[in-house]
Structures are given as C-alpha cells and as structure tokens.
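Below is one structure; the comments refer to it alone.
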Amino acid sequence: MAPSPAPAETSGQQPEPGLRADAERNRDRILAAARRLYATDGLGVSMASVAREAGVGKATLSRRFATREELITAVFADRMDAYAAAVTEALADPGPWHGFTRYIEAICAMQAADRGFADVLTMTFPAAKALEERRAESYHGVVELITRAQRSGHLREDFTHQDVVILLMANAGVIAATGDAAPDSWRRLVGHLLRAFAAPATDAPTLPDAPAPTALYRAMARPQAGTL
C-alpha cells in the first residue's frame with residue numbers, strides 16, 4: 001500500500017482546473033449581470049439583486065467582490081478607459097473650441113448609453129481607488145481642455161471645471177427622467193448648455209430638435225422611483 005503524502009507535499013496545492021474555471025465563470029456572470037442592471041437602473045441596485053440576476057448566491061458574490069466599490073470598479077473599468085480616451089482625443093483636436101464641445105458631447109452620450117455610468121461620473125467612491133485614480137488623471141486633461149478653449153476666445157471666461165460636473169448632474173437627471181420614452185432629450189439639453197457656454201461671437205453648435213410632445217408626455221407620465 002502506497003504511503004499517504006506528507007502534509008508538506010499537499011500544502012500550497014493549486015485549485016483543480018475545474019474549480020478555477022467555475023470561479024471564473026461565476027465572476028463573468030456576476031459582471032454581466034451587474035452591467036445589465038446598472039445600465040438600466042443605475043447604481044442604486046443592491047448586491048442581492050446582482051446575485052439573483054447572475055444566478056449565484058450572496059456568498060459567491062462576496063467571494064468574488066467583497067464590496068460594492070470593488071464590483072463597480074470592475075464593471076466600469078472599460079468605461080473609465082473610454083472616458084479618459086475622450087479627453088485625450090479632445091486635446092488632440094487642433095480646434096480648442098471644437099475639442100471642448102466634442103468632449104462634452106462624447107461624455108454625455110456615454111451617460112445616455114449607461115445609467116450606471118451616468119451615476120459614476122457624478123459620484124465619488126473613496127474606497128474604489130483604481131476608479132478614482134483614473135478619474136483624477138482625466139480631470140487634469142479636462143482642466144487643460146477648458147483653459148485652451150478660453151484662451152482661444154471661444155469659451156466663456158467665467159466657465160469653470162465645476163460647471164462640467166453640474167452639466168453631468170443635469171444630464172444624468174434628464175436621462176433618468178425621460179428613460180426610453182424620450183431617449184434623445186438629453187441632446188437638446190446639452191445643445192442649449194453648449195450654446196450658453198460659448199463666448200460672444202462664437203459659432204455655437206447647432207441646437208438638436210426638441211423631443212416630440214407625445215414623447216415628452218410619455219416621459220412625464222412614467223412612474224418614478226419612490227412613487228406608488
């Protein structure tokens with residue numbers, strides 16, 4: 001009879017390939033479920049709802065993502081990369097004003113495409129260090145973008161980087177309020193705001209069409225969170 005392996009020979013063994021594959025599949029299911037829920041319902045979705053949507057238990061979710069911030073960081077890592085890329089592309093634009101308006105339109109479109117990301121851009125997550133570091137990197141680019149547009153004489157001198165946050169908050173509110181009933185309403189808001197940001201004699205962007213009255217009525221009739 002062969003002797004049993006000594007304890008030292010079995011310690012530190014790697015999980016069986018099948019177990020590693022199961023863990024990876026669970027992680028992918030959790031991320032996919034969180035992306036779906038955050039995109040449609042925003043970041044107010046509970047961890048328990050994510051677990052149910054993914055078809056896993058709460059313990060499995062906790063093993064993969066110990067905190068809400070860890071899950072948010074993993075879900076939106078690619079979105080934050082796209083956000084940073086939008087800043088870089090805008091800075092590369094030879095026209096400072098065009099680069100600025102291009103950036104604003106790009107990030108507002110990102111918000112419209114994903115309600116969760118709309119929340120990410122208007123909230124801070126001190127415990128999500130990777131996400132906040134990425135945001136901080138982009139912030140310096142946004143400040144430079146604003147400075148260049150003002151020096152060119154096209155952006156109002158009293159515009160500040162805080163106004164970008166206010167714009168994103170306003171856009172997130174319109175997106176949440178209109179939903180699928182009037183999905184392009186945010187474009188009208190952004191058009192008005194860009195025209196307001198333009199310095200005198202600047203060629204302001206064309207104002208998008210207003211939503212149809214029937215679409216806006218449907219949006220106004222939608223049940224809102226917290227209502228009966």
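The chains in the structure tokens are called A, B, ... from first to last as shown; in each chain the residues are counted from 1, and the ligands are counted from 1 in the order shown.
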
#### Entry: Residues within 9 Å of Gly179 of chain A, only C-alpha atoms, excluding chain neighbours under 5 positions, as JSON, numbers by chain
{"A": [40, 174, 219, 222]}

Residues from the last selection, C-alpha atoms, saved as a PDB file, in the first residue's frame:
ATOM      1  CA  THR A  40     -30.880  50.197 -16.919  1.00  0.00           C
ATOM      2  CA  VAL A 174     -32.748  64.213 -17.762  1.00  0.00           C
ATOM      3  CA  ALA A 219     -41.724  60.587 -20.132  1.00  0.00           C
ATOM      4  CA  ARG A 222     -43.542  57.419 -16.315  1.00  0.00           C
TER       5      ARG A 222
END

### Query
So which bits of segment 20-74 of chain A end up helix (DSSP H, G or I) when you DSSP the backbone, as JSON, numbers by chain?
{"A": [20, 21, 22, 23, 24, 25, 26, 27, 28, 29, 30, 31, 32, 33, 34, 35, 36, 37, 38, 39, 40, 41, 47, 48, 49, 50, 51, 52, 53, 54, 58, 59, 60, 61, 62, 63, 64, 68, 69, 70, 71, 72, 73, 74]}

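Using only C-alpha atoms for every distance, the candidate list A:Ala199, A:Ala86, A:Asp114, A:Leu167 yields A:Ala86 as the residue closest to Arg102 of chain A.
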
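Counting from atom CA of Ala128 of chain A, the distance to atom CA of Asp163 of chain A is 24.1 Å.
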
### Query
Using only C-alpha atoms, which residues sit within 12 Å of Ala221 of chain A once same-chain residues fewer than 2 positions away are excluded, as a list in words?
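Listing them by chain and then by number gives Ala177, Thr178, Gly179, Ala181, Ala182, Thr214, Ala215, Leu216, Tyr217, Arg218, Ala219, Pro223, Gln224 and Thr227 of chain A.
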